[in-house]
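> I'm passing along entry_20.pdb; it holds PDB, C-alpha atoms and all ligand atoms.
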ATOM      1  CA  MET J   1       0.000   0.000   0.000
ATOM      2  CA  ASP J   2       1.422   3.369  -0.991
ATOM      3  CA  LYS J   3       1.937   5.979   1.674
ATOM      4  CA  HIS J   4      -0.556   8.833   1.391
ATOM      5  CA  TYR J   5       0.854  12.003   2.881
ATOM      6  CA  GLU J   6      -1.504  13.866   5.199
ATOM      7  CA  ARG J   7      -2.055  17.607   5.473
ATOM      8  CA  GLY J   8       0.869  19.165   7.360
ATOM      9  CA  GLU J   9       3.381  16.407   6.520
ATOM     10  CA  GLN J  10       6.542  17.362   4.653
ATOM     11  CA  ILE J  11       8.218  16.315   1.414
ATOM     12  CA  ASN J  12      11.569  18.050   0.841
ATOM     13  CA  ASN J  13      10.638  21.142   2.885
ATOM     14  CA  TYR J  14       7.244  21.440   1.218
ATOM     15  CA  THR J  15       4.191  21.106   3.464
ATOM     16  CA  ILE J  16       1.311  19.044   2.097
ATOM     17  CA  ILE J  17      -1.997  20.934   1.789
ATOM     18  CA  LYS J  18      -4.155  18.245   0.169
ATOM     19  CA  ILE J  19      -4.404  15.490  -2.436
ATOM     20  CA  ILE J  20      -5.640  16.895  -5.770
ATOM     21  CA  GLY J  21      -5.581  13.735  -7.839
ATOM     22  CA  GLU J  22      -4.800  10.064  -7.826
ATOM     23  CA  GLY J  23      -4.292   8.038 -10.969
ATOM     24  CA  ARG J  24      -2.728   4.734 -11.936
ATOM     25  CA  TYR J  25       0.738   6.256 -11.922
ATOM     26  CA  GLY J  26       0.731   8.445  -8.901
ATOM     27  CA  ILE J  27      -0.744  10.529  -6.152
ATOM     28  CA  VAL J  28      -0.802  14.265  -6.819
ATOM     29  CA  TYR J  29      -0.601  16.759  -3.956
ATOM     30  CA  LEU J  30      -0.894  20.491  -3.584
ATOM     31  CA  ALA J  31       1.820  21.689  -1.196
ATOM     32  CA  GLN J  32       3.559  24.910  -0.201
ATOM     33  CA  ASP J  33       6.971  26.146   0.863
ATOM     34  CA  LYS J  34       7.610  28.218   3.999
ATOM     35  CA  ASP J  35       6.801  31.435   2.100
ATOM     36  CA  LEU J  36       3.431  29.900   1.122
ATOM     37  CA  ASN J  37       4.355  29.510  -2.557
ATOM     38  CA  LYS J  38       2.333  26.623  -3.890
ATOM     39  CA  VAL J  39       3.784  23.615  -5.721
ATOM     40  CA  VAL J  40       2.391  20.365  -7.113
ATOM     41  CA  ILE J  41       4.011  17.121  -5.981
ATOM     42  CA  LYS J  42       3.637  13.881  -7.911
ATOM     43  CA  GLN J  43       4.400  10.786  -5.834
ATOM     44  CA  LEU J  44       4.883   7.739  -8.039
ATOM     45  CA  LYS J  45       3.064   4.549  -7.097
ATOM     46  CA  GLU J  46       5.312   1.746  -5.856
ATOM     47  CA  ASP J  47       4.053  -0.874  -8.305
ATOM     48  CA  MET J  48       4.586   1.505 -11.227
ATOM     49  CA  LEU J  49       8.111   2.286 -10.029
ATOM     50  CA  GLU J  50       8.772  -1.421  -9.938
ATOM     51  CA  LYS J  51       7.193  -2.207 -13.315
ATOM     52  CA  TYR J  52       8.339   0.854 -15.230
ATOM     53  CA  PRO J  53      11.346   2.340 -13.391
ATOM     54  CA  LYS J  54      12.351   4.426 -16.415
ATOM     55  CA  LYS J  55       8.981   5.245 -17.973
ATOM     56  CA  VAL J  56       7.586   6.831 -14.810
ATOM     57  CA  PHE J  57      10.291   9.483 -14.958
ATOM     58  CA  TYR J  58       9.642  10.441 -18.602
ATOM     59  CA  GLU J  59       7.277  13.185 -17.449
ATOM     60  CA  ALA J  60       9.916  14.786 -15.198
ATOM     61  CA  ASN J  61      12.593  14.360 -17.829
ATOM     62  CA  ILE J  62      10.498  15.963 -20.547
ATOM     63  CA  MET J  63       9.362  18.831 -18.309
ATOM     64  CA  GLN J  64      12.963  19.528 -17.399
ATOM     65  CA  ASN J  65      13.743  20.050 -21.069
ATOM     66  CA  LEU J  66      10.890  22.527 -21.544
ATOM     67  CA  ASN J  67      11.677  25.917 -20.166
ATOM     68  CA  ASN J  68       8.708  28.007 -21.142
ATOM     69  CA  PRO J  69       5.734  29.678 -19.354
ATOM     70  CA  GLN J  70       3.352  27.481 -21.377
ATOM     71  CA  PHE J  71       4.389  24.444 -19.314
ATOM     72  CA  PRO J  72       4.859  23.896 -15.557
ATOM     73  CA  LYS J  73       8.490  24.016 -14.529
ATOM     74  CA  LEU J  74      10.080  21.007 -12.926
ATOM     75  CA  ILE J  75      11.472  22.108  -9.548
ATOM     76  CA  SER J  76      13.135  18.892  -8.351
ATOM     77  CA  THR J  77      12.818  15.190  -7.907
ATOM     78  CA  PHE J  78      12.661  13.554  -4.472
ATOM     79  CA  LYS J  79      13.409  10.220  -2.919
ATOM     80  CA  ASN J  80      12.502   9.604   0.705
ATOM     81  CA  ASN J  81      12.267   6.324   2.625
ATOM     82  CA  ASN J  82       9.526   4.670   0.632
ATOM     83  CA  THR J  83       8.387   7.405  -1.686
ATOM     84  CA  GLN J  84       9.716   8.889  -4.895
ATOM     85  CA  GLY J  85       8.513  11.458  -7.313
ATOM     86  CA  TYR J  86       8.880  15.027  -8.461
ATOM     87  CA  ILE J  87       7.922  18.540  -7.555
ATOM     88  CA  MET J  88       6.678  21.060 -10.095
ATOM     89  CA  GLU J  89       5.413  24.605 -10.405
ATOM     90  CA  TYR J  90       1.751  25.073  -9.449
ATOM     91  CA  ILE J  91      -0.274  26.722 -12.193
ATOM     92  CA  GLU J  92      -3.094  28.866 -10.895
ATOM     93  CA  GLY J  93      -6.258  29.034 -12.970
ATOM     94  CA  ASN J  94      -9.172  27.023 -14.299
ATOM     95  CA  ASN J  95      -8.723  24.085 -16.604
ATOM     96  CA  PHE J  96     -11.004  23.768 -19.632
ATOM     97  CA  GLU J  97     -12.970  20.905 -18.122
ATOM     98  CA  ASP J  98     -13.918  23.171 -15.193
ATOM     99  CA  LEU J  99     -14.931  25.906 -17.629
ATOM    100  CA  VAL J 100     -17.031  23.621 -19.830
ATOM    101  CA  VAL J 101     -18.586  21.301 -17.254
ATOM    102  CA  ARG J 102     -18.728  23.272 -14.003
ATOM    103  CA  HIS J 103     -19.073  26.833 -15.297
ATOM    104  CA  GLU J 104     -21.005  25.802 -18.457
ATOM    105  CA  TYR J 105     -19.089  28.490 -20.319
ATOM    106  CA  GLU J 106     -20.128  29.004 -23.955
ATOM    107  CA  PHE J 107     -17.172  29.722 -26.186
ATOM    108  CA  SER J 108     -17.667  32.181 -29.046
ATOM    109  CA  ARG J 109     -16.130  31.558 -32.476
ATOM    110  CA  LYS J 110     -13.577  34.275 -31.831
ATOM    111  CA  GLU J 111     -12.548  32.718 -28.524
ATOM    112  CA  ILE J 112     -12.254  29.270 -30.118
ATOM    113  CA  TYR J 113      -9.912  30.632 -32.794
ATOM    114  CA  THR J 114      -7.793  32.444 -30.191
ATOM    115  CA  ILE J 115      -7.538  29.250 -28.142
ATOM    116  CA  ALA J 116      -6.705  27.232 -31.282
ATOM    117  CA  ASN J 117      -3.949  29.709 -32.070
ATOM    118  CA  GLN J 118      -2.491  29.432 -28.566
ATOM    119  CA  LEU J 119      -2.646  25.628 -28.647
ATOM    120  CA  ILE J 120      -0.872  25.623 -31.999
ATOM    121  CA  SER J 121       1.923  27.797 -30.534
ATOM    122  CA  ILE J 122       2.214  25.342 -27.651
ATOM    123  CA  MET J 123       2.358  22.379 -30.051
ATOM    124  CA  LYS J 124       4.978  24.187 -32.095
ATOM    125  CA  ILE J 125       7.286  24.499 -29.079
ATOM    126  CA  LEU J 126       6.741  20.847 -28.219
ATOM    127  CA  HIS J 127       7.356  19.526 -31.716
ATOM    128  CA  GLU J 128      10.406  21.769 -32.188
ATOM    129  CA  ASN J 129      11.753  20.079 -29.066
ATOM    130  CA  ASN J 130      10.895  16.721 -30.601
ATOM    131  CA  ILE J 131       8.188  16.075 -28.020
ATOM    132  CA  VAL J 132       4.672  14.790 -28.646
ATOM    133  CA  HIS J 133       2.257  15.298 -25.716
ATOM    134  CA  ARG J 134      -0.382  12.680 -26.660
ATOM    135  CA  ASP J 135      -2.972  13.930 -24.158
ATOM    136  CA  ILE J 136      -4.017  17.486 -25.065
ATOM    137  CA  ARG J 137      -7.462  17.256 -23.477
ATOM    138  CA  LEU J 138      -9.717  19.731 -21.644
ATOM    139  CA  PRO J 139      -8.524  18.825 -18.098
ATOM    140  CA  ASN J 140      -4.888  19.188 -19.151
ATOM    141  CA  VAL J 141      -5.001  22.811 -20.291
ATOM    142  CA  ILE J 142      -5.160  25.538 -17.639
ATOM    143  CA  VAL J 143      -6.055  29.179 -18.357
ATOM    144  CA  ARG J 144      -4.022  31.593 -16.251
ATOM    145  CA  LYS J 145      -5.669  34.785 -14.971
ATOM    146  CA  ASN J 146      -3.974  36.755 -17.774
ATOM    147  CA  GLY J 147      -5.559  34.453 -20.390
ATOM    148  CA  GLU J 148      -2.367  32.509 -21.172
ATOM    149  CA  LEU J 149      -2.778  28.768 -21.642
ATOM    150  CA  VAL J 150      -0.597  26.228 -19.897
ATOM    151  CA  LEU J 151      -0.374  22.573 -20.893
ATOM    152  CA  ILE J 152       0.074  20.140 -17.999
ATOM    153  CA  ASP J 153       0.279  16.366 -17.442
ATOM    154  CA  PHE J 154       3.187  15.059 -19.463
ATOM    155  CA  GLY J 155       2.576  11.511 -18.246
ATOM    156  CA  LEU J 156       1.982  10.231 -21.783
ATOM    157  CA  ALA J 157       4.438  12.573 -23.532
ATOM    158  CA  ARG J 158       7.263  10.990 -25.497
ATOM    159  CA  TYR J 159      10.131  11.930 -27.781
ATOM    160  CA  ILE J 160       9.019  11.776 -31.422
ATOM    161  CA  ASP J 161      10.528   8.752 -33.166
ATOM    162  CA  ASN J 162       8.475   8.732 -36.402
ATOM    163  CA  LYS J 163       7.502   5.122 -35.738
ATOM    164  CA  ARG J 164       5.435   4.721 -32.632
ATOM    165  CA  TYR J 165       5.358   8.323 -31.412
ATOM    166  CA  LEU J 166       4.192  10.651 -34.153
ATOM    167  CA  LYS J 167       3.443  14.378 -33.922
ATOM    168  CA  GLU J 168       0.150  13.870 -35.820
ATOM    169  CA  ILE J 169      -1.535  12.476 -32.702
ATOM    170  CA  ASP J 170      -1.373  15.998 -31.222
ATOM    171  CA  TYR J 171      -3.144  17.337 -34.354
ATOM    172  CA  TRP J 172      -5.932  14.832 -33.676
ATOM    173  CA  TYR J 173      -6.182  15.981 -30.056
ATOM    174  CA  LEU J 174      -6.276  19.638 -31.131
ATOM    175  CA  SER J 175      -9.288  18.903 -33.329
ATOM    176  CA  ASP J 176     -11.044  16.949 -30.579
ATOM    177  CA  PHE J 177     -10.328  19.786 -28.101
ATOM    178  CA  LEU J 178     -11.833  22.400 -30.429
ATOM    179  CA  ILE J 179     -14.869  20.216 -31.177
ATOM    180  CA  HIS J 180     -15.587  20.141 -27.425
ATOM    181  CA  LEU J 181     -15.481  23.949 -27.403
ATOM    182  CA  TYR J 182     -17.852  24.171 -30.395
ATOM    183  CA  TYR J 183     -20.271  21.882 -28.553
ATOM    184  CA  THR J 184     -20.574  24.389 -25.677
ATOM    185  CA  SER J 185     -22.912  26.453 -27.869
ATOM    186  CA  TYR J 186     -24.739  23.504 -29.408
ATOM    187  CA  TYR J 187     -28.324  22.838 -28.418
ATOM    188  CA  PRO J 188     -30.130  19.857 -29.978
ATOM    189  CA  GLU J 189     -33.236  20.851 -31.931
ATOM    190  CA  SER J 190     -35.358  18.110 -30.466
ATOM    191  CA  GLU J 191     -35.144  15.859 -27.432
ATOM    192  CA  ILE J 192     -35.094  12.734 -29.562
ATOM    193  CA  ASP J 193     -32.215  13.778 -31.709
ATOM    194  CA  GLU J 194     -30.979  11.227 -34.191
ATOM    195  CA  GLU J 195     -27.348  10.216 -33.844
ATOM    196  CA  LYS J 196     -25.247  12.341 -36.135
ATOM    197  CA  PRO J 197     -21.487  12.735 -36.284
ATOM    198  CA  TRP J 198     -20.037  16.027 -34.981
ATOM    199  CA  PHE J 199     -19.334  17.359 -38.473
ATOM    200  CA  GLU J 200     -23.053  17.204 -39.316
ATOM    201  CA  GLU J 201     -24.364  18.176 -35.908
ATOM    202  CA  LEU J 202     -22.275  21.297 -35.303
ATOM    203  CA  ASP J 203     -22.975  24.508 -37.174
ATOM    204  CA  LEU J 204     -19.612  24.712 -38.967
ATOM    205  CA  ASN J 205     -18.750  26.481 -42.201
ATOM    206  CA  GLN J 206     -17.043  24.425 -44.885
ATOM    207  CA  TYR J 207     -13.568  25.735 -43.959
ATOM    208  CA  GLU J 208     -13.992  24.874 -40.288
ATOM    209  CA  ARG J 209     -15.326  21.427 -41.123
ATOM    210  CA  THR J 210     -12.453  20.643 -43.468
ATOM    211  CA  PHE J 211      -9.928  22.054 -40.980
ATOM    212  CA  LEU J 212     -11.171  19.897 -38.109
ATOM    213  CA  LYS J 213     -11.467  16.788 -40.293
ATOM    214  CA  LYS J 214      -8.032  17.280 -41.796
ATOM    215  CA  LEU J 215      -6.506  17.630 -38.318
ATOM    216  CA  MET J 216      -8.010  14.231 -37.553
ATOM    217  CA  GLY J 217      -6.754  12.734 -40.800
ATOM    218  CA  MET J 218     -10.340  12.196 -42.026
ATOM    219  CA  ASP J 219     -10.067  14.482 -45.063
ATOM    220  CA  GLY J 220      -6.450  14.561 -46.170
ATOM    221  CA  GLU J 221      -3.851  15.374 -43.551
ATOM    222  CA  TYR J 222      -1.533  18.151 -42.436
ATOM    223  CA  ASN J 223       2.176  17.703 -43.066
ATOM    224  CA  ASN J 224       3.334  20.366 -40.672
ATOM    225  CA  ILE J 225       2.186  22.946 -38.192
ATOM    226  CA  GLU J 226       2.690  25.877 -40.593
ATOM    227  CA  GLU J 227      -0.064  24.473 -42.827
ATOM    228  CA  ILE J 228      -2.338  24.292 -39.796
ATOM    229  CA  GLU J 229      -1.481  27.876 -38.829
ATOM    230  CA  ASN J 230      -2.221  29.116 -42.338
ATOM    231  CA  ASP J 231      -5.617  27.440 -42.510
ATOM    232  CA  LEU J 232      -6.554  28.807 -39.090
ATOM    233  CA  LYS J 233      -5.591  32.301 -40.269
ATOM    234  CA  ILE J 234      -7.941  31.978 -43.240
ATOM    235  CA  ILE J 235     -10.784  30.681 -41.047
ATOM    236  CA  SER J 236     -10.259  33.452 -38.470
ATOM    237  CA  SER J 237     -10.343  36.122 -41.177
ATOM    238  CA  LEU J 238     -13.831  35.007 -42.212
ATOM    239  CA  ILE J 239     -15.692  36.047 -39.055
TER
HETATM  240  N1  LIG J 301       1.297  21.937 -12.384
HETATM  241  C1  LIG J 301       0.021  21.925 -12.015
HETATM  242  N2  LIG J 301      -0.566  23.057 -11.588
HETATM  243  C2  LIG J 301      -1.857  23.053 -11.179
HETATM  244  N3  LIG J 301      -2.639  21.950 -11.149
HETATM  245  C3  LIG J 301      -2.097  20.798 -11.562
HETATM  246  C4  LIG J 301      -0.752  20.722 -12.024
HETATM  247  N4  LIG J 301      -0.483  19.433 -12.372
HETATM  248  C5  LIG J 301      -1.615  18.745 -12.147
HETATM  249  N5  LIG J 301      -2.593  19.554 -11.656
HETATM  250  C6  LIG J 301      -3.964  19.151 -11.274
HETATM  251  O1  LIG J 301      -3.865  18.054 -10.419
HETATM  252  C7  LIG J 301      -4.879  17.099 -10.711
HETATM  253  C8  LIG J 301      -4.257  15.730 -10.962
HETATM  254  O2  LIG J 301      -3.211  15.837 -11.909
HETATM  255  P1  LIG J 301      -2.915  14.811 -13.079
HETATM  256  O3  LIG J 301      -4.020  14.884 -14.068
HETATM  257  O4  LIG J 301      -1.569  15.090 -13.591
HETATM  258  O5  LIG J 301      -2.849  13.419 -12.378
HETATM  259  P2  LIG J 301      -3.892  12.241 -12.235
HETATM  260  O6  LIG J 301      -4.796  12.489 -11.075
HETATM  261  O7  LIG J 301      -3.024  11.043 -12.180
HETATM  262  O8  LIG J 301      -4.785  12.306 -13.537
HETATM  263  P3  LIG J 301      -4.808  11.364 -14.800
HETATM  264  O9  LIG J 301      -4.906   9.956 -14.298
HETATM  265  O10 LIG J 301      -6.043  11.857 -15.513
HETATM  266  O11 LIG J 301      -3.554  11.670 -15.561
HETATM  267  C9  LIG J 301      -5.659  17.646 -11.874
HETATM  268  O12 LIG J 301      -6.840  18.251 -11.392
HETATM  269  C10 LIG J 301      -4.754  18.695 -12.464
HETATM  270  O13 LIG J 301      -5.508  19.770 -13.000
END
Write the structure described by the file as structure tokens, please.
Ligand SMILES: Nc1ncnc2c1ncn2[C@@H]1O[C@H](COP(=O)(O)OP(=O)(O)OP(=O)(O)O)[C@@H](O)[C@H]1O

Amino acid sequence: MDKHYERGEQINNYTIIKIIGEGRYGIVYLAQDKDLNKVVIKQLKEDMLEKYPKKVFYEANIMQNLNNPQFPKLISTFKNNNTQGYIMEYIEGNNFEDLVVRHEYEFSRKEIYTIANQLISIMKILHENNIVHRDIRLPNVIVRKNGELVLIDFGLARYIDNKRYLKEIDYWYLSDFLIHLYYTSYYPESEIDEEKPWFEELDLNQYERTFLKKLMGMDGEYNNIEEIENDLKIISSLI
């Protein structure tokens, strides 16, 4: 059984405030230093450490190589008696799942294009560093108070190898992310709505539809991020 740190306990001079998540790989805590600066601590589960001693540190390794405000900074790794893991910068703000599900926020076209643009910039940094994130989903993008987006959770991120780990998977996730935002202003016409795919259900113009499909590889495919940027520019200029 993995140790679960309680409120007030310490990991490397950081005081635990509470658990904010627990997945297959680890237990995630919110903690603070003596000046009350918050950090996030990821404690790796013992069985995962045993099974995948290298893989479980990919996230820390990749974060260490990304020095940019669009990603949380890795502060340090830790190894105590029975626990191991890493400590990272805490990003204050709402994630997109909170905005969509809890706040029921309806995104306008203009906002969706701005978000798409920011996500593309984030993907550009990643891919230039040869990293594919593989999990760009609503809960993994936080909006800071100043409107900047931050991508978190590099648990599935890998170095691009053009065999198993391809950059195109992030294009697919970008499309899926944007489709979720389009759905925030979608209201079915009748209660008993027939099952339709998103590209028929959503009120998209032909450029948006092709853009989203192409990102998913359903209608041709993008070869690079510049092509994606160009198409988004055209779409944005039409509103
Ligand atoms: N650097 C960070 N700053 C702020 N919040 C964070 C940060 N990293 C993770 N979180 C939050 O902590 C919670 C758990 O994090 P995370 O998703 O990485 O782990 P998890 O619980 O194992 O989830 P999953 O199994 O879905 O990957 C989430 O609510 C996430 O928004």
> Take every atom of range 132-138 of chain J listed in the file, pad by 3 Å on each side, and give me the axis-aligned box centre and edge lengths in Å, one decimal, as JSON.

{"center_x": -2.5, "center_y": 16.2, "center_z": -25.1, "size_x": 20.4, "size_y": 13.1, "size_z": 13.0}
> Which polymer residues have any atom within 10 Å of an atom of Ile169 in chain J, counting all atoms listed in the file, with same-chain residues fewer than 3 positions away left out, as a PyMOL selection string?
chain J and resi 132-136+165-166+172-174+215-217
> One decimal, Å: what's the distance from CA of Phe71 in chain J over to CA of Val28 in chain J, could you say?
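Spanning CA of Phe71 in chain J to CA of Val28 in chain J is a straight-line distance of 16.9 Å.
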> Counting only C-alpha atoms and all ligand atoms, which protein, DNA or RNA residues come within 7 Å of ligand LIG 301 (chain J), given as a VMD selection string?
chain J and resid 20 to 28 40 72 88 to 92 95 139 to 140 152 to 153 155
> The selected residues should be written to file as a PDB file, in the coordinates of the input (atoms: C-alpha atoms).

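So the final result, stored in out29.pdb, reads:
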ATOM      1  CA  ILE J  20      -5.640  16.895  -5.770  1.00  0.00           C
ATOM      2  CA  GLY J  21      -5.581  13.735  -7.839  1.00  0.00           C
ATOM      3  CA  GLU J  22      -4.800  10.064  -7.826  1.00  0.00           C
ATOM      4  CA  GLY J  23      -4.292   8.038 -10.969  1.00  0.00           C
ATOM      5  CA  ARG J  24      -2.728   4.734 -11.936  1.00  0.00           C
ATOM      6  CA  TYR J  25       0.738   6.256 -11.922  1.00  0.00           C
ATOM      7  CA  GLY J  26       0.731   8.445  -8.901  1.00  0.00           C
ATOM      8  CA  ILE J  27      -0.744  10.529  -6.152  1.00  0.00           C
ATOM      9  CA  VAL J  28      -0.802  14.265  -6.819  1.00  0.00           C
ATOM     10  CA  VAL J  40       2.391  20.365  -7.113  1.00  0.00           C
ATOM     11  CA  PRO J  72       4.859  23.896 -15.557  1.00  0.00           C
ATOM     12  CA  MET J  88       6.678  21.060 -10.095  1.00  0.00           C
ATOM     13  CA  GLU J  89       5.413  24.605 -10.405  1.00  0.00           C
ATOM     14  CA  TYR J  90       1.751  25.073  -9.449  1.00  0.00           C
ATOM     15  CA  ILE J  91      -0.274  26.722 -12.193  1.00  0.00           C
ATOM     16  CA  GLU J  92      -3.094  28.866 -10.895  1.00  0.00           C
ATOM     17  CA  ASN J  95      -8.723  24.085 -16.604  1.00  0.00           C
ATOM     18  CA  PRO J 139      -8.524  18.825 -18.098  1.00  0.00           C
ATOM     19  CA  ASN J 140      -4.888  19.188 -19.151  1.00  0.00           C
ATOM     20  CA  ILE J 152       0.074  20.140 -17.999  1.00  0.00           C
ATOM     21  CA  ASP J 153       0.279  16.366 -17.442  1.00  0.00           C
ATOM     22  CA  GLY J 155       2.576  11.511 -18.246  1.00  0.00           C
TER      23      GLY J 155
END
> Could you state which residues are captured by the PyMOL selection byres (((chain J and resi 218-231) around 10) and not hetatm) in this file, as an MDAnalysis selection string?
chainID J and resid 116:117 120:121 123:124 127 167:168 171:172 207:217 232:237
> Distance CA of Asn67 in chain J-CA of Phe177 in chain J, one decimal place?
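Between these atoms lies a distance of 24.2 Å.
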> Since I can't run it myself right now, could you work out what the PyMOL selection byres (((chain J and resi 108) around 12) and not hetatm) selects here and report it as a PyMOL selection string?
chain J and resi 105-107+109-115+178+181-186+239
> Figure out the distance between CA of Lys73 in chain J and CA of Asp2 in chain J, please, to one decimal in Å.
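Going from CA of Asp2 in chain J over to CA of Lys73 in chain J, I get 25.7 Å.
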> Name the residues in contact with range 7-18 of chain J at a cut-off of 6 Å, using only C-alpha atoms, excluding same-chain residues fewer than 5 positions from it; report them as a ChimeraX atom specification.
/J:29-33
> Quick one: apply the PyMOL selection byres (((chain J and resi 56-63) around 9) and not hetatm) to the file and drop the selected residues here as an mmCIF file with C-alpha atoms, in the frame of the given file.

data_model
loop_
_atom_site.group_PDB
_atom_site.id
_atom_site.type_symbol
_atom_site.label_atom_id
_atom_site.label_comp_id
_atom_site.auth_asym_id
_atom_site.auth_seq_id
_atom_site.Cartn_x
_atom_site.Cartn_y
_atom_site.Cartn_z
ATOM 1 C CA TYR J 25 0.738 6.256 -11.922
ATOM 2 C CA LEU J 44 4.883 7.739 -8.039
ATOM 3 C CA MET J 48 4.586 1.505 -11.227
ATOM 4 C CA LEU J 49 8.111 2.286 -10.029
ATOM 5 C CA TYR J 52 8.339 0.854 -15.230
ATOM 6 C CA PRO J 53 11.346 2.340 -13.391
ATOM 7 C CA LYS J 54 12.351 4.426 -16.415
ATOM 8 C CA LYS J 55 8.981 5.245 -17.973
ATOM 9 C CA GLN J 64 12.963 19.528 -17.399
ATOM 10 C CA ASN J 65 13.743 20.050 -21.069
ATOM 11 C CA LEU J 66 10.890 22.527 -21.544
ATOM 12 C CA ASN J 67 11.677 25.917 -20.166
ATOM 13 C CA PHE J 71 4.389 24.444 -19.314
ATOM 14 C CA PRO J 72 4.859 23.896 -15.557
ATOM 15 C CA LYS J 73 8.490 24.016 -14.529
ATOM 16 C CA LEU J 74 10.080 21.007 -12.926
ATOM 17 C CA SER J 76 13.135 18.892 -8.351
ATOM 18 C CA THR J 77 12.818 15.190 -7.907
ATOM 19 C CA GLY J 85 8.513 11.458 -7.313
ATOM 20 C CA TYR J 86 8.880 15.027 -8.461
ATOM 21 C CA ILE J 87 7.922 18.540 -7.555
ATOM 22 C CA MET J 88 6.678 21.060 -10.095
ATOM 23 C CA ILE J 131 8.188 16.075 -28.020
ATOM 24 C CA ASP J 153 0.279 16.366 -17.442
ATOM 25 C CA PHE J 154 3.187 15.059 -19.463
ATOM 26 C CA GLY J 155 2.576 11.511 -18.246
ATOM 27 C CA LEU J 156 1.982 10.231 -21.783
ATOM 28 C CA ALA J 157 4.438 12.573 -23.532
ATOM 29 C CA ARG J 158 7.263 10.990 -25.497
ATOM 30 C CA TYR J 159 10.131 11.930 -27.781
#
> Asn94 in chain J: which residues within 9 Å, counting all atoms listed in the file, same-chain residues fewer than 4 positions away excluded, as a list of chain:residue names?
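What passes the distance filter is J:Asp98, J:Leu99, J:Val141, J:Ile142, J:Val143, J:Arg144, J:Lys145.
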